[in-house]
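Peer 1: Data file final_12.cif (mmCIF, C-alpha atoms and all ligand atoms) is appended below.
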```
data_protein
loop_
_atom_site.label_atom_id
_atom_site.label_comp_id
_atom_site.auth_asym_id
_atom_site.auth_seq_id
_atom_site.Cartn_x
_atom_site.Cartn_y
_atom_site.Cartn_z
CA MET A 1 25.93 -6.03 -2.37
CA ALA A 2 26.79 -5.86 1.30
CA ASN A 3 24.04 -4.16 3.21
CA GLU A 4 20.72 -4.73 4.94
CA ARG A 5 18.60 -4.05 1.84
CA LYS A 6 16.72 -7.04 0.50
CA PRO A 7 17.49 -7.44 -3.20
CA MET A 8 14.71 -7.39 -5.77
CA MET A 9 14.60 -9.20 -9.08
CA ALA A 10 11.87 -7.81 -11.29
CA ALA A 11 10.56 -9.22 -14.57
CA ASN A 12 9.31 -6.56 -16.97
CA TRP A 13 7.33 -8.45 -19.59
CA LYS A 14 6.62 -5.27 -21.55
CA MET A 15 3.97 -5.94 -24.25
CA ASN A 16 4.31 -9.71 -24.20
CA LYS A 17 2.30 -12.78 -23.20
CA LEU A 18 -1.31 -13.78 -23.59
CA VAL A 19 -3.24 -14.85 -20.50
CA ARG A 20 -2.53 -18.54 -21.05
CA GLU A 21 1.20 -17.83 -21.45
CA ALA A 22 1.20 -15.75 -18.30
CA GLU A 23 -0.47 -18.59 -16.43
CA ASP A 24 2.06 -21.16 -17.65
CA TYR A 25 4.95 -18.87 -16.78
CA VAL A 26 3.86 -18.17 -13.21
CA ALA A 27 3.03 -21.85 -12.66
CA ARG A 28 6.59 -22.68 -13.71
CA LEU A 29 8.21 -19.84 -11.79
CA LEU A 30 6.51 -20.31 -8.43
CA PRO A 31 8.07 -23.65 -7.43
CA ARG A 32 11.48 -22.52 -8.69
CA VAL A 33 11.61 -19.45 -6.48
CA ALA A 34 9.54 -20.59 -3.50
CA ASP A 35 12.64 -21.11 -1.34
CA LEU A 36 14.30 -17.89 -2.48
CA THR A 37 11.72 -15.27 -1.61
CA ASP A 38 12.91 -14.96 1.99
CA ASP A 39 16.13 -13.54 0.59
CA VAL A 40 14.96 -11.87 -2.63
CA ASP A 41 11.82 -9.94 -3.54
CA VAL A 42 10.55 -11.44 -6.79
CA ALA A 43 8.27 -9.22 -8.85
CA VAL A 44 6.51 -9.81 -12.16
CA PHE A 45 5.35 -6.73 -14.09
CA ALA A 46 2.66 -7.91 -16.48
CA PRO A 47 0.56 -6.13 -19.10
CA PHE A 48 -2.89 -5.08 -17.84
CA THR A 49 -4.60 -7.93 -19.67
CA SER A 50 -2.70 -10.66 -17.80
CA LEU A 51 -2.18 -8.74 -14.55
CA PRO A 52 -5.35 -10.16 -12.90
CA THR A 53 -4.06 -13.67 -13.63
CA VAL A 54 -0.62 -12.93 -12.22
CA GLY A 55 -2.20 -11.12 -9.27
CA ARG A 56 -4.45 -14.08 -8.48
CA MET A 57 -1.62 -16.61 -8.77
CA ALA A 58 0.68 -14.42 -6.68
CA GLU A 59 -1.90 -14.14 -3.91
CA ASP A 60 -0.82 -17.16 -1.89
CA SER A 61 2.86 -16.82 -2.69
CA ALA A 62 5.61 -14.39 -1.88
CA ILE A 63 5.77 -13.16 -5.48
CA ILE A 64 4.76 -9.57 -6.09
CA ALA A 65 2.50 -8.83 -9.06
CA GLY A 66 3.02 -5.45 -10.66
CA ALA A 67 1.72 -3.19 -13.43
CA GLN A 68 3.90 -1.43 -15.98
CA ASN A 69 2.19 1.96 -15.83
CA LEU A 70 -0.68 3.80 -14.12
CA TYR A 71 -2.55 7.07 -14.39
CA PHE A 72 -2.44 9.59 -11.58
CA GLU A 73 -6.19 10.10 -11.25
CA ASP A 74 -8.30 7.43 -9.54
CA SER A 75 -11.31 7.44 -11.89
CA GLY A 76 -13.07 9.57 -14.45
CA ALA A 77 -13.11 10.47 -18.14
CA TYR A 78 -9.62 9.25 -19.07
CA THR A 79 -10.24 6.80 -21.91
CA GLY A 80 -7.66 4.05 -22.04
CA GLU A 81 -6.04 4.78 -18.69
CA VAL A 82 -5.81 2.55 -15.60
CA SER A 83 -5.64 3.87 -12.04
CA ALA A 84 -3.88 2.87 -8.86
CA PRO A 85 -7.05 1.53 -7.15
CA MET A 86 -7.78 -0.59 -10.26
CA ILE A 87 -4.29 -2.03 -10.18
CA LYS A 88 -4.57 -2.86 -6.49
CA ASP A 89 -7.99 -4.34 -7.11
CA VAL A 90 -6.50 -7.14 -9.23
CA GLY A 91 -3.89 -8.12 -6.65
CA ALA A 92 -0.89 -6.03 -7.68
CA GLY A 93 1.42 -4.47 -5.12
CA ALA A 94 3.82 -2.52 -7.31
CA VAL A 95 3.98 -0.49 -10.50
CA ILE A 96 6.74 0.62 -12.86
CA VAL A 97 6.76 4.38 -13.31
CA GLY A 98 8.58 6.33 -16.00
CA HIS A 99 10.14 3.45 -17.88
CA SER A 100 12.25 4.91 -20.69
CA GLU A 101 9.92 3.39 -23.28
CA ARG A 102 7.05 5.36 -21.75
CA ARG A 103 9.17 8.49 -21.65
CA GLU A 104 10.60 8.13 -25.18
CA LEU A 105 7.66 6.59 -27.06
CA PHE A 106 4.63 7.89 -25.18
CA GLY A 107 5.65 11.37 -24.20
CA GLU A 108 5.93 10.96 -20.44
CA THR A 109 7.67 13.86 -18.78
CA ASP A 110 9.44 14.28 -15.45
CA GLU A 111 6.24 15.95 -14.28
CA THR A 112 3.88 13.10 -15.20
CA VAL A 113 6.35 10.58 -13.81
CA ALA A 114 6.47 12.47 -10.52
CA ARG A 115 2.67 12.63 -10.32
CA LYS A 116 2.36 8.94 -11.06
CA ALA A 117 4.97 7.98 -8.48
CA THR A 118 3.22 10.11 -5.88
CA ARG A 119 -0.18 8.62 -6.64
CA ALA A 120 1.18 5.07 -6.54
CA LEU A 121 2.83 5.63 -3.20
CA ASP A 122 -0.22 7.30 -1.68
CA ALA A 123 -2.39 4.42 -2.87
CA GLY A 124 -0.09 1.85 -1.25
CA LEU A 125 1.55 0.61 -4.44
CA MET A 126 5.33 0.41 -4.53
CA PRO A 127 6.57 2.55 -7.43
CA ILE A 128 9.62 1.35 -9.34
CA ILE A 129 10.86 4.68 -10.66
CA CYS A 130 13.02 4.40 -13.77
CA VAL A 131 15.75 6.83 -14.75
CA GLY A 132 18.47 6.67 -17.37
CA GLU A 133 20.27 8.45 -20.19
CA THR A 134 20.47 7.92 -23.95
CA LYS A 135 23.67 7.03 -25.76
CA GLU A 136 23.93 10.56 -27.17
CA GLU A 137 23.57 12.07 -23.71
CA ARG A 138 26.22 9.78 -22.30
CA ASP A 139 28.63 10.42 -25.17
CA ALA A 140 28.18 14.16 -24.76
CA GLY A 141 29.01 13.92 -21.06
CA GLY A 142 25.43 14.67 -20.05
CA MET A 143 24.58 11.44 -18.27
CA TRP A 144 24.46 12.90 -14.78
CA ASP A 145 22.55 16.01 -15.81
CA LYS A 146 19.81 13.82 -17.23
CA VAL A 147 19.70 11.24 -14.47
CA SER A 148 20.00 13.67 -11.57
CA GLY A 149 17.24 15.82 -13.11
CA GLN A 150 14.94 12.81 -13.32
CA VAL A 151 15.68 11.83 -9.72
CA ARG A 152 15.20 15.38 -8.43
CA ALA A 153 11.87 15.82 -10.22
CA VAL A 154 10.43 12.78 -8.54
CA MET A 155 11.94 13.38 -5.10
CA GLU A 156 10.60 16.95 -5.03
CA ALA A 157 7.10 15.55 -5.49
CA LEU A 158 7.28 12.72 -2.97
CA ASP A 159 6.42 13.55 0.61
CA SER A 160 9.29 12.16 2.75
CA PRO A 161 8.85 8.56 1.64
CA SER A 162 10.36 5.78 3.67
CA GLY A 163 13.19 3.88 2.06
CA ASP A 164 11.29 0.62 1.87
CA ALA A 165 8.26 2.13 0.09
CA VAL A 166 9.92 3.12 -3.18
CA VAL A 167 12.43 1.55 -5.54
CA PHE A 168 14.54 3.29 -8.18
CA ALA A 169 15.87 1.62 -11.31
CA TYR A 170 18.84 2.96 -13.22
CA GLU A 171 18.35 1.86 -16.81
CA PRO A 172 20.74 3.39 -19.34
CA ILE A 173 18.63 3.53 -22.49
CA TRP A 174 21.50 2.40 -24.70
CA ALA A 175 21.65 -0.85 -22.74
CA ILE A 176 17.95 -1.72 -22.94
CA GLY A 177 17.18 -4.57 -25.28
CA THR A 178 20.48 -4.08 -27.10
CA GLY A 179 22.57 -6.84 -25.56
CA GLU A 180 25.00 -4.11 -24.52
CA THR A 181 25.15 -3.95 -20.72
CA ALA A 182 26.72 -1.26 -18.61
CA SER A 183 29.86 -2.74 -17.08
CA PRO A 184 29.37 -3.71 -13.44
CA GLU A 185 31.67 -0.81 -12.53
CA ASP A 186 29.62 1.68 -14.57
CA ALA A 187 26.41 0.38 -13.01
CA GLN A 188 27.94 0.72 -9.54
CA GLU A 189 29.23 4.22 -10.26
CA ALA A 190 25.89 5.51 -11.54
CA ILE A 191 23.86 3.84 -8.82
CA GLY A 192 26.27 4.99 -6.11
CA GLN A 193 25.89 8.53 -7.42
CA ILE A 194 22.11 8.22 -7.42
CA ARG A 195 22.21 6.96 -3.83
CA GLY A 196 24.35 9.94 -2.88
CA LEU A 197 21.83 12.32 -4.41
CA LEU A 198 18.95 10.50 -2.68
CA GLY A 199 20.81 11.07 0.59
CA GLU A 200 20.94 14.80 -0.10
CA LEU A 201 17.31 14.96 -1.12
CA GLY A 202 15.68 12.44 1.19
CA GLY A 203 18.09 12.07 4.09
CA GLU A 204 20.71 9.47 4.95
CA GLU A 205 18.25 6.97 6.39
CA PHE A 206 16.19 7.07 3.20
CA ALA A 207 19.29 6.62 1.05
CA ARG A 208 20.47 3.65 3.14
CA GLY A 209 17.11 1.91 2.89
CA VAL A 210 16.00 2.64 -0.66
CA ARG A 211 16.65 -0.04 -3.22
CA ILE A 212 18.17 0.89 -6.56
CA LEU A 213 18.03 -1.69 -9.33
CA TYR A 214 20.05 -1.86 -12.50
CA GLY A 215 18.30 -2.57 -15.80
CA GLY A 216 19.58 -3.08 -19.34
CA SER A 217 20.39 -6.44 -20.93
CA ILE A 218 20.76 -8.35 -17.67
CA LYS A 219 21.00 -12.07 -18.31
CA PRO A 220 22.10 -15.12 -16.35
CA ALA A 221 25.65 -14.77 -17.74
CA ASN A 222 26.23 -11.26 -16.36
CA ALA A 223 23.91 -11.11 -13.36
CA ALA A 224 26.38 -12.27 -10.71
CA ASP A 225 28.92 -9.54 -11.52
CA ILE A 226 26.28 -6.85 -11.53
CA MET A 227 24.67 -8.10 -8.32
CA ALA A 228 28.07 -8.15 -6.61
CA GLN A 229 28.28 -4.34 -6.72
CA SER A 230 27.71 -2.78 -3.33
CA ASP A 231 25.03 -0.26 -4.33
CA VAL A 232 23.18 -2.46 -6.83
CA ASP A 233 20.12 -3.95 -5.12
CA GLY A 234 18.80 -6.08 -7.93
CA GLY A 235 17.62 -5.97 -11.49
CA LEU A 236 14.76 -4.88 -13.72
CA VAL A 237 14.84 -7.37 -16.55
CA GLY A 238 13.13 -7.34 -19.92
CA GLY A 239 14.26 -9.88 -22.50
CA ALA A 240 15.79 -12.41 -20.11
CA SER A 241 12.67 -12.39 -17.95
CA LEU A 242 10.39 -13.72 -20.67
CA GLU A 243 11.29 -17.36 -19.96
CA ALA A 244 10.48 -18.48 -16.42
CA ASP A 245 13.64 -20.59 -16.22
CA SER A 246 16.00 -17.80 -17.16
CA PHE A 247 14.26 -15.38 -14.82
CA ALA A 248 14.51 -17.97 -12.02
CA GLU A 249 18.26 -18.14 -12.67
CA LEU A 250 18.45 -14.39 -12.17
CA VAL A 251 16.60 -14.71 -8.87
CA GLU A 252 19.15 -17.36 -7.87
CA ALA A 253 21.99 -15.00 -8.79
CA ALA A 254 20.45 -12.36 -6.52
CA ARG A 255 20.12 -14.91 -3.72
CA ASP A 256 23.76 -15.95 -4.18
CA SER A 257 24.87 -12.35 -3.77
CA VAL A 258 23.11 -12.33 -0.40
CA SER A 259 24.73 -15.61 0.67
CA ARG A 260 28.18 -14.33 -0.36
CA ASP A 261 27.68 -11.26 1.81
CA ARG A 262 26.58 -13.41 4.73
CA ASP A 263 29.65 -15.61 4.35
CA ALA A 264 31.89 -12.56 4.12
CA SER A 265 30.55 -10.94 7.27
P1 LIG B 301 16.16 -5.60 -21.23
O1 LIG B 301 15.06 -4.54 -20.70
O2 LIG B 301 16.52 -6.47 -20.06
O3 LIG B 301 15.49 -6.34 -22.34
O4 LIG B 301 17.33 -4.79 -21.69
C1 LIG B 301 15.16 -3.95 -19.44
C2 LIG B 301 14.03 -2.98 -19.22
O5 LIG B 301 13.67 -2.26 -20.16
O6 LIG B 301 13.45 -2.90 -18.11
#
```
Let me see the file written as structure tokens.

Peer 2:
Amino acid sequence: MANERKPMMAANWKMNKLVREAEDYVARLLPRVADLTDDVDVAVFAPFTSLPTVGRMAEDSAIIAGAQNLYFEDSGAYTGEVSAPMIKDVGAGAVIVGHSERRELFGETDETVARKATRALDAGLMPIICVGETKEERDAGGMWDKVSGQVRAVMEALDSPSGDAVVFAYEPIWAIGTGETASPEDAQEAIGQIRGLLGELGGEEFARGVRILYGGSIKPANAADIMAQSDVDGGLVGGASLEADSFAELVEAARDSVSRDRDAS
């Protein structure tokens, strides 16, 4: 990457880790990334049960604690749901919205994703808005139809957000948890296209400032090549984020991409 956007490396724990494991992880991660957070935003998206622990431990550090989902109402008769104020209450500053697992397994639609992103933003939580196509859609040439539709649905709902308040993540579903990554060039092409569309929908300044992450089987071995792409502003990482050491290596890879850009300019 060669731009003024600060990269973000985000750990998506999904449905993993008990409270004690979360505690051990953050205790191990904090010293490893303490010197890197000036250059890289480091975020940990924990399940609701361990989020208060991560939120508390993140309080005096530059790490951002985040939730993996939210509901778009603040309170009321919504059994099993968790709202934006509740998430903020336990020290989180960000929330993943519309992850493909939520869309595919739990029936989230473009409409619910848009409402959730809007609510998060209004409540002062940074939404990480996920978009991406299935293998079948890609093979049938429908990748851009799917992804652009997802981006449009959310942008139509957001009220002129500033570029630093929201983050997008392009996560091709066929690359999630499969070990099969998009090539760095494919990631760049898709994310460049998304940035172009965000320029049309939200203005050039928004498109220049908004961060777009890549997600799907990122690991220490492929992170540098992906991070080197000019439009890729970081990663949303599942499997390789479950060990603090391997996630710290990914944060280092993001930092190295910043240093390379500095040296080159
Ligand atoms: P993965 O998951 O890194 O295990 O492919 C990424 C994600 O789903 O956010």

Peer 1: Quick one: of A:Arg56, A:Arg5, A:Lys135, A:Arg115, who's nearest to Val154 in chain A, counting all atoms listed in the file?

Peer 2: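 Closest candidate: A:Arg115.
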
Peer 1: Just want the residues within 8 Å of ligand LIG 301 (chain B), written as a PyMOL selection string, counting only C-alpha atoms and all ligand atoms.

Peer 2: chain A and resi 11-12+14+99-101+171+173+175-179+181+215-219+236-241

Peer 1: If I take CA of Ala187 in chain A and CA of Arg119 in chain A, how far is one from the other in Å, to one decimal?

Peer 2: 28.6 Å

Peer 1: Expressed in Å to a single decimal, how great is the separation between CA of Glu189 in chain A and CA of Asn69 in chain A?

Peer 2: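 We find that CA of Glu189 in chain A and CA of Asn69 in chain A lie 27.7 Å from each other.
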
Peer 1: Let me make sure I understand: among A:Leu18, A:Val82, A:Leu30, A:Val167, which one has the smallest atom-to-atom distance to Ala58 in chain A if we use all atoms listed in the file?

Peer 2: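 Among A:Leu18, A:Val82, A:Leu30, A:Val167, it is A:Leu30 that comes nearest to Ala58 in chain A.
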
Peer 1: Within 7 Å of (9.3, -3.0, -5.4), only C-alpha atoms: residues as a PyMOL selection string?

Peer 2: chain A and resi 8+94+126-128+166-167

Peer 1: Based on the selection just made, write C-alpha atoms of those residues as a short mmCIF file (atom, residue, chain, number, x, y, z; two decimals), keeping the file's coordinate frame.

Peer 2:
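The resulting selection-v5.cif:
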```cif
data_model
loop_
_atom_site.label_atom_id
_atom_site.label_comp_id
_atom_site.auth_asym_id
_atom_site.auth_seq_id
_atom_site.Cartn_x
_atom_site.Cartn_y
_atom_site.Cartn_z
CA MET A 8 14.71 -7.39 -5.77
CA ALA A 94 3.82 -2.52 -7.31
CA MET A 126 5.33 0.41 -4.53
CA PRO A 127 6.57 2.55 -7.43
CA ILE A 128 9.62 1.35 -9.34
CA VAL A 166 9.92 3.12 -3.18
CA VAL A 167 12.43 1.55 -5.54
#
```

Peer 1: I want to know what sits within 6 Å of range 244-249 of chain A, based on only C-alpha atoms, with residues of the same chain fewer than 3 positions away left out; could you give that as a ChimeraX atom specification?

Peer 2: /A:25,29,241,252

Peer 1: Please report the interatomic distance between CA of Ala140 in chain A and CA of Thr112 in chain A in Å with one decimal.

Peer 2: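 According to the coordinates, CA of Ala140 in chain A and CA of Thr112 in chain A are separated by 26.1 Å.
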
Peer 1: Find the residue from A:Asn222, A:Ser75, A:Gln150, A:Ser259 that sits nearest to Asp38 in chain A; use all atoms listed in the file when measuring.

Peer 2: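 Under the stated criterion, the closest residue is A:Ser259.
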
Peer 1: I'd like the neighbourhood of Gly209 in chain A as a PyMOL selection string, where a residue qualifies if any of its atoms comes within 10 Å (using all atoms listed in the file), though same-chain residues fewer than 6 positions away should be ignored.

Peer 2: chain A and resi 3-6+162-167+195

Peer 1: Which residue is closest to Gly202 in chain A? Choose from A:Val95, A:Ala157, A:Ala27, A:Val232 and count only C-alpha atoms.

Peer 2: A:Ala157

Peer 1: Do you know which residues lie at most 9 Å from (15.0, -14.3, 1.5), with coordinates as in the file and only C-alpha atoms counted, and could you write them as an MDAnalysis selection string?

Peer 2: chainID A and resid 6:7 35:41 255 258

Peer 1: Find the spatial neighbours of Val131 in chain A, counting only C-alpha atoms, within a cut-off of 10 Å - ignore same-chain residues fewer than 4 positions away - and output them as a PyMOL selection string.

Peer 2: chain A and resi 97-100+103+110+146-151+168-173+194+214-215

Peer 1: In terms of the shortest atom-to-atom distance over only C-alpha atoms, which of A:Met143, A:Ala34, A:Cys130, A:Val251 is closest to Ile212 in chain A?

Peer 2: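 Between A:Met143, A:Ala34, A:Cys130, A:Val251, the residue approaching Ile212 in chain A most closely is A:Cys130.
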